[in-house]
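Data file: entry-v1.cif. Format and content: mmCIF, N, CA and C atoms.
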data_protein
#
loop_
_atom_site.label_atom_id
_atom_site.label_comp_id
_atom_site.auth_asym_id
_atom_site.auth_seq_id
_atom_site.Cartn_x
_atom_site.Cartn_y
_atom_site.Cartn_z
N MET A 1 -7.03 -2.33 10.89
CA MET A 1 -5.92 -3.04 10.27
C MET A 1 -4.80 -3.14 11.30
N SER A 2 -4.41 -4.33 11.60
CA SER A 2 -3.43 -4.55 12.65
C SER A 2 -2.17 -5.18 12.08
N VAL A 3 -1.03 -4.61 12.42
CA VAL A 3 0.25 -5.17 11.97
C VAL A 3 0.51 -6.49 12.68
N MET A 4 -0.16 -6.73 13.78
CA MET A 4 0.05 -7.96 14.54
C MET A 4 -0.31 -9.21 13.73
N ASN A 5 -1.16 -9.07 12.71
CA ASN A 5 -1.56 -10.22 11.90
C ASN A 5 -0.46 -10.67 10.94
N VAL A 6 0.52 -9.82 10.67
CA VAL A 6 1.56 -10.13 9.69
C VAL A 6 2.69 -10.89 10.36
N ARG A 7 3.00 -12.06 9.80
CA ARG A 7 4.12 -12.85 10.32
C ARG A 7 5.41 -12.30 9.74
N ASN A 8 6.45 -12.32 10.52
CA ASN A 8 7.76 -11.84 10.07
C ASN A 8 8.46 -12.90 9.24
N ASN A 9 9.33 -12.45 8.36
CA ASN A 9 10.21 -13.32 7.58
C ASN A 9 9.48 -14.30 6.67
N GLU A 10 8.41 -13.87 6.07
CA GLU A 10 7.76 -14.73 5.08
C GLU A 10 8.55 -14.60 3.78
N VAL A 11 8.92 -15.73 3.20
CA VAL A 11 9.76 -15.76 2.01
C VAL A 11 8.92 -16.20 0.81
N ARG A 12 9.10 -15.52 -0.31
CA ARG A 12 8.43 -15.88 -1.55
C ARG A 12 9.46 -15.93 -2.66
N LYS A 13 9.29 -16.86 -3.59
CA LYS A 13 10.19 -16.99 -4.73
C LYS A 13 9.66 -16.11 -5.86
N VAL A 14 10.58 -15.46 -6.58
CA VAL A 14 10.22 -14.64 -7.74
C VAL A 14 9.97 -15.59 -8.90
N ASN A 15 8.82 -15.44 -9.55
CA ASN A 15 8.43 -16.29 -10.67
C ASN A 15 8.18 -15.45 -11.91
N ARG A 16 8.25 -16.12 -13.05
CA ARG A 16 7.91 -15.44 -14.31
C ARG A 16 6.40 -15.42 -14.44
N MET A 17 5.86 -14.25 -14.79
CA MET A 17 4.43 -14.08 -15.04
C MET A 17 4.30 -13.35 -16.37
N GLY A 18 4.16 -14.12 -17.46
CA GLY A 18 4.17 -13.52 -18.79
C GLY A 18 5.55 -12.97 -19.07
N ASN A 19 5.63 -11.68 -19.44
CA ASN A 19 6.92 -11.03 -19.69
C ASN A 19 7.46 -10.33 -18.45
N SER A 20 6.80 -10.48 -17.34
CA SER A 20 7.19 -9.82 -16.09
C SER A 20 7.65 -10.84 -15.07
N LEU A 21 8.14 -10.34 -13.96
CA LEU A 21 8.45 -11.17 -12.80
C LEU A 21 7.44 -10.82 -11.72
N GLY A 22 7.09 -11.80 -10.89
CA GLY A 22 6.11 -11.52 -9.85
C GLY A 22 6.32 -12.41 -8.65
N ILE A 23 5.64 -12.03 -7.57
CA ILE A 23 5.65 -12.82 -6.34
C ILE A 23 4.22 -12.93 -5.84
N GLY A 24 3.95 -13.99 -5.10
CA GLY A 24 2.66 -14.12 -4.43
C GLY A 24 2.70 -13.32 -3.14
N ILE A 25 1.57 -12.73 -2.79
CA ILE A 25 1.50 -11.95 -1.55
C ILE A 25 1.03 -12.88 -0.43
N PRO A 26 1.76 -12.91 0.67
CA PRO A 26 1.37 -13.77 1.78
C PRO A 26 -0.05 -13.45 2.28
N LYS A 27 -0.78 -14.48 2.67
CA LYS A 27 -2.16 -14.31 3.13
C LYS A 27 -2.24 -13.35 4.32
N SER A 28 -1.24 -13.39 5.19
CA SER A 28 -1.27 -12.50 6.35
C SER A 28 -1.27 -11.03 5.92
N ILE A 29 -0.55 -10.72 4.83
CA ILE A 29 -0.53 -9.34 4.32
C ILE A 29 -1.84 -9.03 3.61
N ILE A 30 -2.35 -9.99 2.85
CA ILE A 30 -3.65 -9.80 2.18
C ILE A 30 -4.72 -9.49 3.21
N ASP A 31 -4.74 -10.26 4.29
CA ASP A 31 -5.74 -10.04 5.34
C ASP A 31 -5.54 -8.70 6.05
N THR A 32 -4.29 -8.37 6.36
CA THR A 32 -4.02 -7.12 7.09
C THR A 32 -4.39 -5.90 6.26
N LEU A 33 -4.05 -5.92 4.96
CA LEU A 33 -4.36 -4.78 4.09
C LEU A 33 -5.77 -4.86 3.51
N GLU A 34 -6.48 -5.95 3.81
CA GLU A 34 -7.84 -6.18 3.30
C GLU A 34 -7.86 -6.05 1.77
N LEU A 35 -6.91 -6.76 1.13
CA LEU A 35 -6.77 -6.70 -0.33
C LEU A 35 -7.84 -7.53 -1.01
N LYS A 36 -8.29 -7.01 -2.15
CA LYS A 36 -9.24 -7.73 -3.00
C LYS A 36 -8.72 -7.65 -4.44
N LYS A 37 -9.19 -8.57 -5.27
CA LYS A 37 -8.82 -8.55 -6.68
C LYS A 37 -9.18 -7.18 -7.25
N GLY A 38 -8.23 -6.58 -7.98
CA GLY A 38 -8.46 -5.27 -8.59
C GLY A 38 -7.89 -4.11 -7.78
N ASP A 39 -7.56 -4.36 -6.50
CA ASP A 39 -6.95 -3.29 -5.70
C ASP A 39 -5.59 -2.94 -6.29
N GLU A 40 -5.19 -1.70 -6.11
CA GLU A 40 -3.88 -1.25 -6.59
C GLU A 40 -2.93 -1.14 -5.41
N LEU A 41 -1.69 -1.58 -5.65
CA LEU A 41 -0.64 -1.49 -4.65
C LEU A 41 0.44 -0.54 -5.15
N GLN A 42 0.97 0.24 -4.24
CA GLN A 42 2.05 1.17 -4.58
C GLN A 42 3.33 0.66 -3.94
N PHE A 43 4.38 0.51 -4.77
CA PHE A 43 5.68 0.03 -4.30
C PHE A 43 6.64 1.22 -4.25
N ASN A 44 7.35 1.35 -3.15
CA ASN A 44 8.39 2.36 -3.01
C ASN A 44 9.61 1.71 -2.38
N LEU A 45 10.77 2.30 -2.61
CA LEU A 45 11.99 1.87 -1.94
C LEU A 45 12.37 2.93 -0.92
N ASP A 46 12.70 2.49 0.30
CA ASP A 46 13.15 3.46 1.30
C ASP A 46 14.65 3.71 1.11
N GLU A 47 15.25 4.48 2.00
CA GLU A 47 16.66 4.85 1.85
C GLU A 47 17.61 3.66 1.96
N ASN A 48 17.12 2.53 2.50
CA ASN A 48 17.94 1.32 2.61
C ASN A 48 17.57 0.28 1.55
N ASN A 49 16.90 0.73 0.47
CA ASN A 49 16.44 -0.14 -0.61
C ASN A 49 15.50 -1.25 -0.15
N ARG A 50 14.76 -0.99 0.91
CA ARG A 50 13.72 -1.92 1.34
C ARG A 50 12.43 -1.53 0.64
N ILE A 51 11.66 -2.53 0.27
CA ILE A 51 10.38 -2.28 -0.41
C ILE A 51 9.33 -1.89 0.62
N VAL A 52 8.66 -0.79 0.34
CA VAL A 52 7.54 -0.34 1.15
C VAL A 52 6.30 -0.51 0.29
N LEU A 53 5.36 -1.29 0.76
CA LEU A 53 4.16 -1.64 0.00
C LEU A 53 2.95 -0.99 0.67
N GLU A 54 2.16 -0.25 -0.13
CA GLU A 54 0.96 0.40 0.40
C GLU A 54 -0.22 0.12 -0.52
N LYS A 55 -1.37 -0.08 0.07
CA LYS A 55 -2.60 -0.22 -0.70
C LYS A 55 -3.06 1.20 -1.05
N LYS A 56 -3.25 1.44 -2.36
CA LYS A 56 -3.73 2.76 -2.78
C LYS A 56 -5.20 2.87 -2.42
N SER A 57 -5.56 3.99 -1.85
CA SER A 57 -6.96 4.19 -1.50
C SER A 57 -7.74 4.60 -2.74
N LYS A 58 -8.97 4.18 -2.80
CA LYS A 58 -9.84 4.51 -3.92
C LYS A 58 -10.58 5.80 -3.63
N LEU A 59 -10.96 6.50 -4.67
CA LEU A 59 -11.71 7.74 -4.53
C LEU A 59 -12.95 7.52 -3.67
N GLU A 60 -13.63 6.38 -3.88
CA GLU A 60 -14.86 6.10 -3.13
C GLU A 60 -14.61 6.01 -1.63
N ASP A 61 -13.37 5.63 -1.25
CA ASP A 61 -13.04 5.50 0.16
C ASP A 61 -12.73 6.86 0.80
N ARG A 62 -12.44 7.87 -0.03
CA ARG A 62 -12.03 9.17 0.50
C ARG A 62 -13.10 10.25 0.35
N VAL A 63 -14.12 10.01 -0.48
CA VAL A 63 -15.11 11.04 -0.79
C VAL A 63 -16.49 10.57 -0.34
N ASP A 64 -17.27 11.50 0.17
CA ASP A 64 -18.63 11.21 0.62
C ASP A 64 -19.44 10.59 -0.52
N PRO A 65 -20.04 9.43 -0.30
CA PRO A 65 -20.82 8.76 -1.36
C PRO A 65 -21.95 9.63 -1.90
N GLU A 66 -22.55 10.47 -1.05
CA GLU A 66 -23.62 11.36 -1.53
C GLU A 66 -23.09 12.36 -2.55
N LEU A 67 -21.86 12.86 -2.33
CA LEU A 67 -21.26 13.79 -3.28
C LEU A 67 -21.00 13.10 -4.61
N LEU A 68 -20.49 11.87 -4.57
CA LEU A 68 -20.24 11.13 -5.80
C LEU A 68 -21.54 10.89 -6.57
N GLU A 69 -22.61 10.56 -5.86
CA GLU A 69 -23.91 10.34 -6.50
C GLU A 69 -24.41 11.64 -7.13
N MET A 70 -24.26 12.75 -6.41
CA MET A 70 -24.69 14.05 -6.92
C MET A 70 -23.90 14.43 -8.18
N LEU A 71 -22.60 14.18 -8.17
CA LEU A 71 -21.78 14.47 -9.34
C LEU A 71 -22.19 13.60 -10.53
N ALA A 72 -22.44 12.32 -10.28
CA ALA A 72 -22.85 11.42 -11.36
C ALA A 72 -24.16 11.90 -11.97
N GLU A 73 -25.11 12.31 -11.15
CA GLU A 73 -26.39 12.82 -11.65
C GLU A 73 -26.20 14.10 -12.46
N THR A 74 -25.32 14.98 -11.99
CA THR A 74 -25.06 16.24 -12.69
C THR A 74 -24.43 15.96 -14.06
N PHE A 75 -23.44 15.07 -14.10
CA PHE A 75 -22.81 14.74 -15.38
C PHE A 75 -23.81 14.11 -16.34
N GLU A 76 -24.67 13.25 -15.82
CA GLU A 76 -25.67 12.61 -16.67
C GLU A 76 -26.67 13.63 -17.19
N GLU A 77 -27.10 14.52 -16.32
CA GLU A 77 -28.11 15.52 -16.69
C GLU A 77 -27.57 16.51 -17.72
N HIS A 78 -26.30 16.85 -17.63
CA HIS A 78 -25.71 17.87 -18.50
C HIS A 78 -24.67 17.29 -19.45
N ASP A 79 -24.86 16.06 -19.85
CA ASP A 79 -23.91 15.34 -20.70
C ASP A 79 -23.60 16.10 -21.98
N LYS A 80 -24.61 16.63 -22.67
CA LYS A 80 -24.39 17.34 -23.93
C LYS A 80 -23.51 18.56 -23.73
N VAL A 81 -23.74 19.30 -22.67
CA VAL A 81 -22.94 20.50 -22.40
C VAL A 81 -21.48 20.11 -22.16
N PHE A 82 -21.26 19.09 -21.34
CA PHE A 82 -19.89 18.68 -21.05
C PHE A 82 -19.18 18.16 -22.29
N ARG A 83 -19.88 17.42 -23.14
CA ARG A 83 -19.28 16.93 -24.39
C ARG A 83 -18.92 18.09 -25.31
N HIS A 84 -19.80 19.08 -25.38
CA HIS A 84 -19.55 20.25 -26.22
C HIS A 84 -18.30 20.99 -25.71
N LEU A 85 -18.20 21.18 -24.41
CA LEU A 85 -17.03 21.86 -23.84
C LEU A 85 -15.75 21.07 -24.10
N ARG A 86 -15.83 19.76 -23.99
CA ARG A 86 -14.65 18.91 -24.23
C ARG A 86 -14.17 19.01 -25.67
N ASP A 87 -15.13 19.06 -26.61
CA ASP A 87 -14.79 19.02 -28.03
C ASP A 87 -14.46 20.37 -28.64
N ARG A 88 -14.48 21.43 -27.88
CA ARG A 88 -14.21 22.77 -28.41
C ARG A 88 -12.78 22.93 -28.85
#
Could I get this file's structure written as structure tokens?
Amino acid sequence: MSVMNVRNNEVRKVNRMGNSLGIGIPKSIIDTLELKKGDELQFNLDENNRIVLEKKSKLEDRVDPELLEMLAETFEEHDKVFRHLRDR
């Protein structure tokens, strides 16, 4: 991911989106952050009230896929036990 792809001073107009307000994300930022439909973005304000935008990482991106598969199999295999523990 390279910051060089992002053009400076891209301006977007705030529009109404249902009961909310929204803006379109410039393509250069979409490409740089490798955004896809369904991705989550985290908005923060820095000490100068500037918006800091970060793409939230997904669990699948941070955890070994083999571990996730093993956990899914374990939950499936022991579903009754886990449901019983939950409902106690």
Long-range neighbours of Leu33 in chain A as a list in words, 8 Å cut-off, all atoms listed in the file, 2 positions minimum in chain: Met1, Ser2, Lys27, Ser28, Ile29, Ile30, Asp31, Leu35, Lys36, Glu54 and Lys55 of chain A
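Minimum atom-to-atom distances from A:Glu10, A:Asn15, A:Lys56, A:His78 to Glu34 in chain A were compared using only C-alpha atoms, and the lowest value belongs to A:Lys56.
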Backbone DSSP call of helix (DSSP H, G or I) for chain A, listed as a PyMOL selection string: chain A and resi 3-5+27-33+59-62+65-77+79-87
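Taking CA of Arg86 in chain A and CA of Thr74 in chain A as the two end points, the separation is 15.8 Å.
Counting all atoms listed in the file, Asn44 in chain A has the following residues at most 6.5 Å away, ignoring those fewer than 6 positions along the same chain: Arg50, Ile51, Val52, Leu53 and Glu54 of chain A.
Atom pair CA of Arg12 in chain A / CA of Ile25 in chain A: separated by 8.0 Å.
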Pairwise distance for CA of Phe43 in chain A and CA of Gly24 in chain A, rounded to one decimal in Å: 14.5 Å
